[in-house]
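Asks: Have a peek at work31.txt (compact mmCIF, C-alpha atoms).
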# COMPACT_ATOMS: atom_id res chain seq x y z
CA MET A 1319 117.94 98.55 103.32
CA ARG A 1320 118.36 94.86 103.89
CA LEU A 1321 115.23 92.77 103.85
CA LEU A 1322 116.60 90.21 106.26
CA VAL A 1323 117.10 91.24 109.84
CA PRO A 1324 120.66 91.51 111.15
CA VAL A 1325 120.21 88.86 113.82
CA LEU A 1326 120.66 85.97 111.41
CA LEU A 1327 123.42 83.69 112.66
CA LEU A 1328 124.00 81.43 109.71
CA ASN A 1329 126.71 78.88 110.35
CA LEU A 1330 128.22 78.82 106.89
CA ALA A 1331 130.98 76.48 107.95
CA ALA A 1332 128.31 73.81 108.28
CA LEU A 1333 126.70 74.56 104.93
CA ARG A 1334 127.70 71.36 103.18
CA HIS A 1335 125.17 68.81 102.09
CA GLU A 1336 125.20 65.54 100.22
CA ALA A 1337 122.22 66.60 98.13
CA THR A 1338 122.10 63.59 95.83
CA GLY A 1339 124.50 61.26 97.57
CA GLN A 1340 127.19 62.37 95.12
CA GLU A 1341 127.26 66.13 95.18
CA THR A 1342 128.59 68.50 97.83
CA ARG A 1343 127.50 72.14 97.61
CA SER A 1344 128.84 75.19 99.35
CA ALA A 1345 126.96 78.30 100.34
CA GLU A 1346 128.38 80.06 97.28
CA ASP A 1347 127.28 77.23 94.98
CA LEU A 1348 123.74 77.59 96.29
CA ALA A 1349 123.80 81.38 96.12
CA ALA A 1350 125.10 81.30 92.55
CA ALA A 1351 122.39 78.90 91.42
CA MET A 1352 119.64 80.96 93.04
CA GLU A 1353 121.06 84.23 91.76
CA SER A 1354 121.21 82.81 88.25
CA GLN A 1355 117.57 81.72 88.44
CA LEU A 1356 116.49 85.09 89.80
CA ARG A 1357 118.38 87.21 87.26
CA GLY A 1358 117.58 85.01 84.30
CA GLU A 1359 113.87 84.92 84.95
CA LEU A 1360 113.48 88.61 85.71
CA SER A 1361 115.50 89.84 82.75
CA ALA A 1362 114.40 87.27 80.18
CA HIS A 1363 110.71 87.03 80.98
CA TRP A 1364 109.34 89.68 83.33
CA TYR A 1365 111.12 92.94 82.57
CA PRO A 1366 110.71 94.48 80.07
CA HIS A 1367 108.62 91.67 78.53
CA ALA A 1368 105.60 92.27 80.77
CA VAL A 1369 105.78 96.07 80.58
CA ASP A 1370 102.72 97.48 78.81
CA ARG A 1371 104.18 100.45 76.95
CA ARG A 1372 100.87 101.32 75.32
CA HIS A 1373 98.43 101.47 78.20
CA GLY A 1374 100.70 101.51 81.24
CA GLY A 1375 101.35 99.05 84.00
CA PHE A 1376 102.19 95.42 83.36
CA HIS A 1377 100.57 92.63 81.39
CA GLU A 1378 99.23 90.14 83.86
CA GLU A 1379 98.40 87.00 81.95
CA MET A 1380 101.19 84.99 80.34
CA ALA A 1381 101.11 81.40 79.12
CA ARG A 1382 103.66 78.72 79.88
CA ASP A 1383 105.85 79.92 77.00
CA TRP A 1384 105.54 83.52 78.30
CA SER A 1385 103.33 84.62 75.43
CA ILE A 1386 101.18 87.55 76.54
CA ARG A 1387 97.43 87.56 76.54
CA ALA A 1388 96.73 91.22 75.90
CA GLY A 1389 93.52 93.11 76.52
CA VAL A 1390 92.73 91.72 79.97
CA SER A 1391 91.96 93.76 83.06
CA LYS A 1392 94.62 94.99 85.45
CA SER A 1393 94.44 94.37 89.16
CA GLN A 1394 95.80 96.46 92.00
CA VAL A 1395 97.57 93.55 93.67
CA TYR A 1396 99.44 92.32 90.59
CA GLN A 1397 100.43 95.80 89.43
CA ALA A 1398 101.76 96.70 92.87
CA ARG A 1399 103.63 93.42 93.28
CA MET A 1400 105.36 93.87 89.92
CA THR A 1401 106.31 97.40 90.96
CA TRP A 1402 107.71 96.26 94.32
CA THR A 1403 109.80 93.51 92.74
CA ALA A 1404 111.35 95.88 90.20
CA ALA A 1405 112.30 98.32 92.96
CA ALA A 1406 113.64 95.55 95.19
CA PHE A 1407 115.79 94.14 92.40
CA ALA A 1408 117.13 97.63 91.65
CA ASP A 1409 118.34 97.63 95.24
CA HIS A 1410 119.65 94.06 94.99
CA ASP A 1411 121.69 94.52 91.80
CA HIS A 1412 123.29 97.94 91.68
CA SER A 1413 124.64 97.31 88.20
CA ARG A 1414 121.06 97.33 86.91
CA ARG A 1415 119.70 99.85 89.37
CA ASP A 1416 118.67 102.48 86.83
CA GLU A 1417 117.03 99.97 84.51
CA TYR A 1418 114.91 98.37 87.21
CA LEU A 1419 114.07 101.65 88.89
CA GLY A 1420 112.69 102.62 85.50
CA TYR A 1421 110.38 99.61 85.52
CA ALA A 1422 109.37 100.38 89.10
CA ARG A 1423 108.58 103.99 88.24
CA HIS A 1424 106.57 102.82 85.26
CA GLY A 1425 104.48 100.68 87.61
CA LEU A 1426 104.19 103.47 90.15
CA ALA A 1427 102.90 105.83 87.48
CA PHE A 1428 100.13 103.36 86.62
CA LEU A 1429 99.13 103.03 90.25
CA ASP A 1430 99.11 106.80 90.65
CA GLU A 1431 97.37 107.70 87.42
CA ALA A 1432 95.13 104.81 86.40
CA MET A 1433 94.38 103.15 89.73
CA ARG A 1434 94.00 106.24 91.87
CA ASP A 1435 90.38 107.14 92.63
CA ARG A 1436 90.38 110.89 92.12
CA GLU A 1437 86.77 111.24 93.19
CA HIS A 1438 86.70 109.29 96.46
CA GLY A 1439 90.36 108.82 97.27
CA GLY A 1440 92.24 105.59 97.69
CA PHE A 1441 93.04 103.24 94.84
CA HIS A 1442 90.85 101.00 92.72
CA TRP A 1443 90.99 97.23 93.04
CA ILE A 1444 90.71 96.65 89.29
CA VAL A 1445 90.56 98.57 86.02
CA ASP A 1446 90.26 97.47 82.41
CA ALA A 1447 93.22 96.87 80.12
CA ARG A 1448 93.39 100.56 79.23
CA GLY A 1449 93.33 101.67 82.85
CA ASN A 1450 89.69 102.72 83.02
CA LEU A 1451 86.97 101.77 85.47
CA ASP A 1452 84.60 99.15 84.09
CA PRO A 1453 81.18 98.85 85.76
CA GLY A 1454 81.21 95.16 84.97
CA LEU A 1455 84.26 94.70 87.18
CA GLY A 1456 82.74 96.49 90.17
CA ASP A 1457 84.18 99.35 92.20
CA GLU A 1458 84.51 97.73 95.62
CA LYS A 1459 87.81 98.40 97.37
CA HIS A 1460 89.72 96.19 99.77
CA ALA A 1461 92.35 96.75 102.47
CA TYR A 1462 94.34 93.79 101.12
CA GLY A 1463 94.83 95.49 97.77
CA MET A 1464 95.57 98.86 99.33
CA SER A 1465 98.31 97.24 101.41
CA PHE A 1466 100.23 96.36 98.27
CA VAL A 1467 100.04 99.91 96.97
CA ILE A 1468 101.66 101.01 100.23
CA TYR A 1469 104.22 98.21 100.00
CA ALA A 1470 105.24 98.97 96.42
CA ALA A 1471 105.32 102.74 96.68
CA SER A 1472 107.29 102.62 99.94
CA LYS A 1473 109.91 100.43 98.27
CA VAL A 1474 110.24 102.80 95.33
CA ARG A 1475 110.70 105.66 97.79
CA SER A 1476 113.30 103.69 99.74
CA VAL A 1477 115.36 102.77 96.68
CA GLY A 1478 114.86 105.77 94.42
CA GLY A 1479 113.96 108.56 96.81
CA ASP A 1480 110.95 109.53 94.71
CA GLU A 1481 108.62 112.11 96.23
CA ARG A 1482 105.82 110.73 94.09
CA ALA A 1483 106.29 107.33 95.64
CA LEU A 1484 106.07 108.70 99.17
CA LYS A 1485 102.89 110.56 98.26
CA VAL A 1486 101.28 107.43 96.81
CA ALA A 1487 102.22 105.38 99.87
CA ARG A 1488 100.95 108.02 102.28
CA ASP A 1489 97.74 108.56 100.34
CA ALA A 1490 96.92 104.85 100.48
CA PHE A 1491 97.79 104.64 104.17
CA ASP A 1492 95.83 107.78 105.04
CA TRP A 1493 92.77 106.55 103.14
CA LEU A 1494 92.85 103.32 105.13
CA GLU A 1495 93.34 105.30 108.32
CA ALA A 1496 90.31 107.46 107.57
CA HIS A 1497 87.97 104.71 106.38
CA ALA A 1498 89.14 101.21 107.26
CA HIS A 1499 90.78 101.36 110.68
CA ASP A 1500 88.56 99.83 113.35
CA ARG A 1501 88.92 102.21 116.27
CA ASP A 1502 86.77 100.09 118.55
CA HIS A 1503 88.37 96.67 118.15
CA GLY A 1504 91.64 97.30 116.38
CA GLY A 1505 92.80 96.13 112.99
CA TYR A 1506 91.06 96.94 109.76
CA PHE A 1507 87.74 96.57 108.04
CA GLU A 1508 88.57 94.78 104.81
CA ALA A 1509 85.88 95.31 102.17
CA LEU A 1510 84.79 98.87 101.49
CA LYS A 1511 82.49 100.68 99.10
CA ARG A 1512 84.11 103.03 96.66
CA ASP A 1513 83.45 105.98 98.98
CA GLY A 1514 85.17 104.20 101.87
CA THR A 1515 82.12 102.95 103.75
CA PRO A 1516 82.98 99.58 105.34
CA ILE A 1517 80.85 96.69 104.06
CA LEU A 1518 79.96 94.59 107.08
CA THR A 1519 77.05 92.54 105.72
CA ALA A 1520 76.11 91.05 102.36
CA GLN A 1521 74.90 93.67 99.91
CA PRO A 1522 71.60 92.92 98.15
CA GLY A 1523 72.01 93.35 94.41
CA SER A 1524 75.79 93.47 94.64
CA PRO A 1525 77.37 91.85 91.52
CA GLY A 1526 76.45 88.39 92.38
CA ARG A 1527 78.03 87.76 95.72
CA ASP A 1528 77.78 87.72 99.47
CA LYS A 1529 81.55 87.60 99.67
CA ASP A 1530 84.27 90.17 99.14
CA ARG A 1531 87.15 90.36 96.68
CA LEU A 1532 89.04 87.63 98.54
CA GLY A 1533 86.07 85.30 98.77
CA ILE A 1534 85.48 86.06 102.45
CA ALA A 1535 82.07 86.75 103.99
CA TYR A 1536 81.56 90.47 104.48
CA GLY A 1537 82.33 91.79 107.94
CA ARG A 1538 85.02 89.31 108.83
CA LYS A 1539 88.65 90.08 109.55
CA THR A 1540 91.29 87.81 108.12
CA MET A 1541 94.82 86.68 108.67
CA ASN A 1542 95.57 87.22 105.01
CA SER A 1543 94.76 90.91 104.89
CA HIS A 1544 96.42 91.68 108.20
CA ILE A 1545 99.74 89.96 107.48
CA HIS A 1546 99.99 91.99 104.27
CA LEU A 1547 99.09 95.17 106.11
CA LEU A 1548 101.90 94.19 108.47
CA GLU A 1549 104.49 93.92 105.68
CA ALA A 1550 103.21 97.12 104.06
CA PHE A 1551 103.38 99.15 107.27
CA ALA A 1552 106.87 97.79 107.98
CA GLU A 1553 108.01 98.97 104.54
CA LEU A 1554 106.31 102.33 105.00
CA ALA A 1555 107.81 102.87 108.45
CA ARG A 1556 111.27 102.79 106.87
CA VAL A 1557 110.50 105.89 104.79
CA ASP A 1558 107.72 107.68 106.71
CA ASP A 1559 108.52 108.83 110.24
CA ARG A 1560 105.03 110.03 111.14
CA PRO A 1561 104.09 108.61 114.57
CA VAL A 1562 100.80 107.17 113.31
CA VAL A 1563 102.65 104.86 110.92
CA LYS A 1564 104.70 103.29 113.70
CA GLN A 1565 101.58 103.11 115.89
CA ARG A 1566 99.64 101.17 113.28
CA LEU A 1567 102.60 98.92 112.57
CA ASP A 1568 102.84 98.12 116.27
CA GLU A 1569 99.10 97.53 116.49
CA VAL A 1570 98.94 95.14 113.55
CA PHE A 1571 102.14 93.41 114.65
CA HIS A 1572 100.66 92.52 118.02
CA LEU A 1573 97.35 91.48 116.47
CA VAL A 1574 99.13 89.08 114.13
CA ARG A 1575 101.54 87.75 116.72
CA ASP A 1576 99.23 87.56 119.73
CA ARG A 1577 95.70 87.06 118.33
CA ILE A 1578 95.93 85.65 114.82
CA ALA A 1579 98.82 83.31 115.58
CA ALA A 1580 97.93 80.55 118.02
CA GLU A 1581 99.52 77.58 119.70
CA PRO A 1582 100.91 75.15 118.81
CA GLY A 1583 101.97 77.11 115.72
CA LEU A 1584 99.21 77.99 113.30
CA LEU A 1585 97.21 81.00 112.15
CA ASN A 1586 93.51 81.66 112.59
CA LEU A 1587 92.41 82.44 109.05
CA GLU A 1588 89.10 84.19 109.71
CA LEU A 1589 87.83 86.11 112.72
CA THR A 1590 84.90 88.29 113.67
CA ARG A 1591 85.21 92.02 114.03
CA GLU A 1592 85.78 91.44 117.76
CA TRP A 1593 88.56 88.90 116.97
CA LYS A 1594 86.61 85.79 117.85
CA ILE A 1595 87.89 82.77 115.93
CA ILE A 1596 85.87 81.35 113.05
CA PRO A 1597 86.93 77.71 112.52
CA SER A 1598 88.83 77.00 109.34
CA HIS A 1599 91.83 75.00 108.09
CA ASP A 1600 95.56 75.54 108.51
CA SER A 1601 97.39 77.23 105.62
CA TYR A 1602 101.00 76.06 105.74
CA GLY A 1603 102.17 78.66 103.27
CA HIS A 1604 100.84 81.50 105.36
CA ASP A 1605 102.39 79.96 108.46
CA VAL A 1606 105.91 80.06 107.05
CA GLU A 1607 105.40 83.44 105.37
CA THR A 1608 104.15 85.00 108.59
CA ALA A 1609 107.16 83.72 110.51
CA TYR A 1610 109.34 85.88 108.27
CA LEU A 1611 107.00 88.88 108.30
CA LEU A 1612 106.85 88.94 112.11
CA VAL A 1613 110.63 88.88 112.43
CA GLU A 1614 110.97 91.58 109.79
CA ALA A 1615 108.39 93.80 111.50
CA ALA A 1616 110.01 93.28 114.91
CA ASP A 1617 113.26 94.52 113.42
CA VAL A 1618 111.60 97.66 112.08
CA LEU A 1619 110.02 98.21 115.50
CA GLY A 1620 113.49 98.13 117.04
CA MET A 1621 113.31 94.74 118.74
CA PRO A 1622 115.09 92.28 116.43
CA SER A 1623 115.93 89.87 119.23
CA ASP A 1624 112.51 89.85 120.87
CA GLY A 1625 112.06 86.42 122.41
CA ALA A 1626 108.28 86.33 122.15
CA THR A 1627 108.40 87.07 118.43
CA TRP A 1628 111.03 84.46 117.68
CA LYS A 1629 109.09 81.92 119.73
CA VAL A 1630 105.97 82.46 117.62
CA ALA A 1631 107.94 82.50 114.37
CA ARG A 1632 109.64 79.24 115.25
CA SER A 1633 106.39 77.61 116.30
CA LEU A 1634 104.82 78.49 112.93
CA VAL A 1635 107.66 76.89 110.99
CA ASP A 1636 107.89 73.89 113.32
CA HIS A 1637 104.17 73.23 113.02
CA ALA A 1638 104.34 73.44 109.23
CA LEU A 1639 107.29 71.05 109.19
CA ALA A 1640 105.48 68.63 111.51
CA GLY A 1641 102.25 68.38 109.53
CA GLY A 1642 102.67 70.05 106.18
CA TRP A 1643 106.15 69.03 105.08
CA ASP A 1644 106.88 66.28 102.56
CA ASP A 1645 110.11 64.73 103.81
CA ARG A 1646 110.26 62.35 100.86
CA HIS A 1647 110.09 64.80 97.96
CA GLY A 1648 110.55 68.12 99.70
CA GLY A 1649 108.04 70.95 99.67
CA PHE A 1650 105.17 72.13 101.84
CA TYR A 1651 101.60 70.99 101.29
CA ASP A 1652 98.80 73.51 100.94
CA LYS A 1653 96.28 72.84 103.72
CA GLY A 1654 95.95 70.88 106.93
CA ASP A 1655 93.44 70.07 109.63
CA VAL A 1656 93.68 72.43 112.58
CA ALA A 1657 92.94 69.81 115.23
CA THR A 1658 95.26 67.07 113.99
CA ASN A 1659 97.84 68.99 111.91
CA HIS A 1660 97.27 66.39 109.22
CA ALA A 1661 97.66 67.67 105.66
CA PHE A 1662 94.57 67.00 103.58
CA ASP A 1663 95.35 69.10 100.49
CA LEU A 1664 98.68 67.84 99.15
CA THR A 1665 98.98 70.41 96.39
CA LYS A 1666 102.30 72.24 96.35
CA VAL A 1667 101.82 75.88 95.43
CA TRP A 1668 104.65 78.02 94.08
CA TRP A 1669 104.41 80.87 96.58
CA THR A 1670 104.33 78.50 99.54
CA GLN A 1671 107.56 76.88 98.40
CA ALA A 1672 109.23 80.27 97.94
CA GLU A 1673 108.15 81.49 101.36
CA GLY A 1674 109.20 78.18 102.85
CA LEU A 1675 112.69 78.51 101.39
CA ASN A 1676 113.00 81.97 102.94
CA ALA A 1677 111.64 80.97 106.35
CA LEU A 1678 113.75 77.84 106.64
CA LEU A 1679 116.98 79.75 106.13
CA LEU A 1680 115.77 82.41 108.56
CA LEU A 1681 115.21 79.76 111.25
CA ASP A 1682 118.46 78.00 110.44
CA GLY A 1683 120.25 81.29 110.92
CA LYS A 1684 118.73 81.74 114.36
CA TYR A 1685 118.69 78.16 115.64
CA GLY A 1686 121.19 76.33 113.44
CA ARG A 1687 123.59 75.76 116.30
CA GLU A 1688 120.88 73.87 118.18
CA THR A 1689 119.54 71.73 115.35
CA ASP A 1690 120.15 70.99 111.69
CA ARG A 1691 116.47 70.37 110.87
CA TYR A 1692 115.97 73.77 109.20
CA HIS A 1693 119.24 73.43 107.31
CA ARG A 1694 118.31 70.02 105.96
CA ALA A 1695 114.80 71.11 105.02
CA PHE A 1696 116.13 74.27 103.34
CA LEU A 1697 118.38 72.24 101.06
CA LYS A 1698 115.63 69.75 100.25
CA GLN A 1699 113.25 72.62 99.59
CA TRP A 1700 115.61 74.13 97.03
CA ASP A 1701 116.04 70.73 95.39
CA PHE A 1702 112.26 70.39 95.06
CA ILE A 1703 111.94 73.88 93.60
CA ARG A 1704 114.78 73.33 91.15
CA SER A 1705 113.59 69.88 90.09
CA CYS A 1706 109.82 70.29 90.01
CA LEU A 1707 108.67 73.90 90.10
CA ILE A 1708 111.07 75.58 87.67
CA ASP A 1709 110.01 74.92 84.09
CA PRO A 1710 112.82 73.01 82.36
CA ARG A 1711 111.63 74.10 78.92
CA TYR A 1712 110.61 77.74 79.23
CA ASP A 1713 112.02 78.69 82.65
CA GLY A 1714 110.00 80.39 85.37
CA TRP A 1715 108.02 78.90 88.23
CA PHE A 1716 104.98 76.72 87.67
CA SER A 1717 101.94 77.60 89.76
CA GLU A 1718 101.26 74.19 91.27
CA THR A 1719 102.38 70.60 91.36
CA GLU A 1720 101.01 67.38 92.74
CA SER A 1721 102.56 66.02 95.92
CA ASP A 1722 105.17 64.10 93.92
CA GLY A 1723 106.14 67.18 91.92
CA LYS A 1724 104.21 66.46 88.72
CA LEU A 1725 102.85 69.59 87.06
CA ARG A 1726 99.27 70.49 87.82
CA GLY A 1727 97.51 72.69 85.27
CA ASP A 1728 98.82 74.23 82.06
CA GLY A 1729 101.98 75.78 83.48
CA ALA A 1730 100.93 79.41 82.87
CA LYS A 1731 103.50 81.84 84.24
CA ALA A 1732 101.36 84.83 85.19
CA ASN A 1733 97.80 85.65 86.17
CA PRO A 1734 96.25 88.31 88.44
CA TRP A 1735 97.35 86.33 91.51
CA LYS A 1736 100.68 85.07 90.22
CA ALA A 1737 103.29 87.77 89.81
CA ASN A 1738 106.93 87.50 90.85
CA TYR A 1739 107.18 89.00 94.32
CA HIS A 1740 107.06 85.85 96.47
CA THR A 1741 109.71 84.10 94.41
CA SER A 1742 111.96 87.11 93.85
CA ARG A 1743 111.82 88.26 97.46
CA ALA A 1744 112.70 84.80 98.71
CA LEU A 1745 115.62 84.41 96.33
CA MET A 1746 116.98 87.89 97.01
CA ASN A 1747 116.79 87.34 100.76
CA VAL A 1748 118.40 83.92 100.61
CA VAL A 1749 121.19 84.94 98.24
CA ARG A 1750 122.11 87.91 100.42
CA THR A 1751 122.16 85.78 103.54
CA LEU A 1752 124.27 83.04 101.99
CA ARG A 1753 126.79 85.53 100.68
CA ASN A 1754 126.83 88.04 103.52
CA PRO A 1755 126.60 86.31 106.90
CA PRO A 1756 127.08 88.45 109.99
CA PRO A 1757 130.72 88.86 111.14
CA GLY A 1758 132.02 85.91 113.06
CA HIS A 1759 129.72 83.33 111.55
For the structure just supplied, provide its representation as structure tokens.

Replies:
Amino acid sequence: MRLLVPVLLLNLAALRHEATGQETRSAEDLAAAMESQLRGELSAHWYPHAVDRRHGGFHEEMARDWSIRAGVSKSQVYQARMTWTAAAFADHDHSRRDEYLGYARHGLAFLDEAMRDREHGGFHWIVDARGNLDPGLGDEKHAYGMSFVIYAASKVRSVGGDERALKVARDAFDWLEAHAHDRDHGGYFEALKRDGTPILTAQPGSPGRDKDRLGIAYGRKTMNSHIHLLEAFAELARVDDRPVVKQRLDEVFHLVRDRIAAEPGLLNLELTREWKIIPSHDSYGHDVETAYLLVEAADVLGMPSDGATWKVARSLVDHALAGGWDDRHGGFYDKGDVATNHAFDLTKVWWTQAEGLNALLLLDGKYGRETDRYHRAFLKQWDFIRSCLIDPRYDGWFSETESDGKLRGDGAKANPWKANYHTSRALMNVVRTLRNPPPGH
């Protein structure tokens, strides 16, 4: 099933751009360049290079030159993201379908066997390198991590038809339904004890913290967890027709669109259990990512042209362009002030740039006949990614750059928070849209 909704109205006849003052590029030129980057990186560096044949799952720390640091722990989020990407690429490139489904099934097996909690249900947040629980790592669970198990397993089911995948996805969803769903106020409790008891206040004697796995004070609800529950439930709803799945998708969709998103186009990052706003900053990357996730979820819910959803999605991208966009170099900044929409953290993070690329083409497809602002920004965004974020020596995306595109950090290619799903999803979506516009456009 296509990741991009069918309402995209890309005006390919207009897709010509003087990128450097000398070069004119067509839609196919752009698609070919992005496809080459996607295929080259996945096949040369991620699969099968990151596959841990000995202990299962995927290696999750790789240096700039892609050398693997073995013997480190394995996290639920990274393992699930690697599994989702392999399944998605199997669907994207039918010539390599069997190969990449094999990698996806390898990842699914690790989630099912090593990360499944056979005593209390659900799935562990983290295990050691061999796939065993380590008391030193803690046994606290989190809805954010569980969402990615649902997301990955649902994709494997969609592409490969695996019964095991559907069972894993349903088990994760059902565990959240039983333990994490807030029946009084809607949405989900985020941090949970191993047995599923929600953690709503700091735990005395807990391994050193009064904050949960995401660094959030216990008891709060967050934009971050709920947008990823949204994408997970949308993926699950494609393969699981139980009414409760669609109900929870609809619930989280409206919470994200109507409570978490706010005028003039930003997201409230942290909220109380009752959905009262806790002041914070603006995350431009989450703004542009959520624009896409809302449109995708609306499509799954059967309302791809819903005006209210497109209005919110557009406001999120417009706000990010107004305050978080670097019109000189290209790229979105990391953080901004909520009151002024003035960027104060000028770091450019890899996943934000990938999500920005995806969202800009999405908005250009919908509104490109009214304005060329999304089109122009999309092309500049790709130029920034190509020039500054993709490693010219070893390939792959750097994690961060300074505002002018200079590398920040050591250029490591993978860590527990940096897998390949943001970048691969964006490139797959964009390539498909460039090459397969709707009839008549």

Asks: For a quick check of understanding, using all atoms listed in the file, which of A:Asp1713, A:Asp1430, A:Glu1718, A:Asp1435 has the smallest distance to Ala1362 (chain A)?

Replies: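 That would be A:Asp1713, the residue with the smallest distance to Ala1362 (chain A).
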
Asks: To one decimal in Å, tell me the separation between CA of Leu1426 (chain A) and CA of Ala1483 (chain A).

Replies: 7.0 Å

Asks: For region 1487-1496 of chain A, work out the shell of residues within 6 Å, counting all atoms listed in the file and skipping chain neighbours fewer than 3 positions away, then give it as a list in words.

Replies: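 What passes the distance filter is Gly1440, Ile1468, Ala1471, Ser1472, Leu1484 and His1499 of chain A.
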
Asks: May I have the residues within 8 Å of region 1504-1506 of chain A as a ChimeraX atom specification, using only C-alpha atoms and disregarding those fewer than 3 positions away in the same chain?

Replies: /A:1461,1498-1501,1539,1544,1569-1570,1573

Asks: Counting only C-alpha atoms, which residues of region 1579-1640 of chain A fall within 12 Å of region 1693-1705 of chain A, and what is the closest atom pair for each with its distance in Å at one decimal, ordered by chain and rising number, as a tab-separated table?

Replies:
residue	atom	partner	partner_atom	distance
A:Val1635	CA	A:Ala1695	CA	11.0
A:Asp1636	CA	A:Ala1695	CA	11.2
A:Ala1638	CA	A:Ala1695	CA	11.5
A:Leu1639	CA	A:Ala1695	CA	8.6
A:Ala1640	CA	A:Ala1695	CA	11.6

Asks: Return the single residue from A:Ser1413, A:Ser1465, A:Asn1738, A:Ser1601 that is closest to Phe1551 (chain A), with distances computed using all atoms listed in the file.

Replies: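 Of all the options, A:Ser1465 lies closest to Phe1551 (chain A).
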
Asks: Within 8 Å of Glu1607 (chain A), counting all atoms listed in the file, which residues qualify if same-chain residues fewer than 2 places away don't, as a PDB file with C-alpha atoms, keeping the file's coordinate frame?

Replies:
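The new file selection28.pdb reads:
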ATOM      1  CA  GLY A1603     102.170  78.660 103.270  1.00  0.00           C
ATOM      2  CA  HIS A1604     100.840  81.500 105.360  1.00  0.00           C
ATOM      3  CA  ASP A1605     102.390  79.960 108.460  1.00  0.00           C
ATOM      4  CA  ALA A1609     107.160  83.720 110.510  1.00  0.00           C
ATOM      5  CA  TYR A1610     109.340  85.880 108.270  1.00  0.00           C
ATOM      6  CA  LEU A1611     107.000  88.880 108.300  1.00  0.00           C
ATOM      7  CA  THR A1670     104.330  78.500  99.540  1.00  0.00           C
ATOM      8  CA  GLU A1673     108.150  81.490 101.360  1.00  0.00           C
ATOM      9  CA  GLY A1674     109.200  78.180 102.850  1.00  0.00           C
ATOM     10  CA  ALA A1677     111.640  80.970 106.350  1.00  0.00           C
TER      11      ALA A1677
END

Asks: I'd like the interatomic distance between CA of Pro1582 (chain A) and CA of Ser1633 (chain A), to a tenth of an Å.

Replies: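 Computing the Euclidean distance for CA of Pro1582 (chain A) and CA of Ser1633 (chain A) yields 6.5 Å.
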
Asks: Could you give me, as a short mmCIF file (atom, residue, chain, number, x, y, z; two decimals) with C-alpha atoms, keeping the file's coordinate frame, the residues within 6 Å of region 1653-1659 of chain A, counting only C-alpha atoms and dropping anything in the same chain fewer than 3 positions from it?

Replies:
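Wrote part_25.cif, looks like this:
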data_model
loop_
_atom_site.label_atom_id
_atom_site.label_comp_id
_atom_site.auth_asym_id
_atom_site.auth_seq_id
_atom_site.Cartn_x
_atom_site.Cartn_y
_atom_site.Cartn_z
CA HIS A 1599 91.83 75.00 108.09
CA ASP A 1600 95.56 75.54 108.51
CA SER A 1601 97.39 77.23 105.62
CA GLY A 1641 102.25 68.38 109.53
CA PHE A 1662 94.57 67.00 103.58
CA ASP A 1663 95.35 69.10 100.49
#

Asks: Up to 9 Å from (100.7, 81.8, 83.1) in the file's coordinates: name the residues, counting all atoms listed in the file, as JSON, numbers by chain.

Replies: {"A": [1378, 1379, 1380, 1381, 1382, 1383, 1384, 1385, 1386, 1716, 1717, 1728, 1729, 1730, 1731, 1732, 1733, 1736]}

Asks: Taking only residues of region 1326-1443 of chain A that have an atom at most 12 Å from an atom of region 1740-1757 of chain A, what is each one's shortest atom pair and its distance in Å to one decimal, using only C-alpha atoms, in chain and number order, as CSV?

Replies:
residue,atom,partner,partner_atom,distance
A:Leu1326,CA,A:Pro1756,CA,7.0
A:Leu1327,CA,A:Pro1756,CA,6.6
A:Leu1328,CA,A:Pro1755,CA,6.2
A:Asn1329,CA,A:Pro1755,CA,8.2
A:Leu1330,CA,A:Leu1752,CA,7.6
A:Ala1331,CA,A:Pro1755,CA,10.8
A:Ala1332,CA,A:Leu1752,CA,11.9
A:Leu1333,CA,A:Leu1752,CA,9.3
A:Ser1344,CA,A:Leu1752,CA,9.5
A:Ala1345,CA,A:Leu1752,CA,5.7
A:Glu1346,CA,A:Arg1753,CA,6.6
A:Asp1347,CA,A:Leu1752,CA,9.6
A:Leu1348,CA,A:Leu1752,CA,7.9
A:Ala1349,CA,A:Val1749,CA,4.9
A:Ala1350,CA,A:Val1749,CA,7.8
A:Ala1351,CA,A:Val1749,CA,9.2
A:Met1352,CA,A:Leu1745,CA,6.2
A:Glu1353,CA,A:Val1749,CA,6.5
A:Ser1354,CA,A:Leu1745,CA,10.0
A:Gln1355,CA,A:Leu1745,CA,8.6
A:Leu1356,CA,A:Ser1742,CA,6.4
A:Arg1357,CA,A:Ser1742,CA,9.2
A:Gly1358,CA,A:Ser1742,CA,11.3
A:Glu1359,CA,A:Ser1742,CA,9.4
A:Leu1360,CA,A:Ser1742,CA,8.4
A:Ser1361,CA,A:Ser1742,CA,12.0
A:Trp1364,CA,A:Ser1742,CA,11.1
A:Tyr1396,CA,A:His1740,CA,11.6
A:Arg1399,CA,A:His1740,CA,8.9
A:Met1400,CA,A:Ser1742,CA,10.2
A:Trp1402,CA,A:Arg1743,CA,9.5
A:Thr1403,CA,A:Ser1742,CA,6.8
A:Ala1404,CA,A:Ser1742,CA,9.5
A:Ala1405,CA,A:Arg1743,CA,11.0
A:Ala1406,CA,A:Arg1743,CA,7.8
A:Phe1407,CA,A:Met1746,CA,7.9
A:Ala1408,CA,A:Met1746,CA,11.1
A:Asp1409,CA,A:Met1746,CA,10.0
A:His1410,CA,A:Met1746,CA,7.0
A:Asp1411,CA,A:Met1746,CA,9.7

Asks: Find the spatial neighbours of Phe1466 (chain A), counting all atoms listed in the file, within a cut-off of 7 Å - ignore same-chain residues fewer than 5 positions away - and output them as a short mmCIF file (atom, residue, chain, number, x, y, z; two decimals) with C-alpha atoms, in the coordinates of the input.

Replies:
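Wrote it out as selection.cif, contents follow:
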data_model
loop_
_atom_site.label_atom_id
_atom_site.label_comp_id
_atom_site.auth_asym_id
_atom_site.auth_seq_id
_atom_site.Cartn_x
_atom_site.Cartn_y
_atom_site.Cartn_z
CA VAL A 1395 97.57 93.55 93.67
CA ALA A 1398 101.76 96.70 92.87
CA ARG A 1399 103.63 93.42 93.28
CA ALA A 1550 103.21 97.12 104.06
#
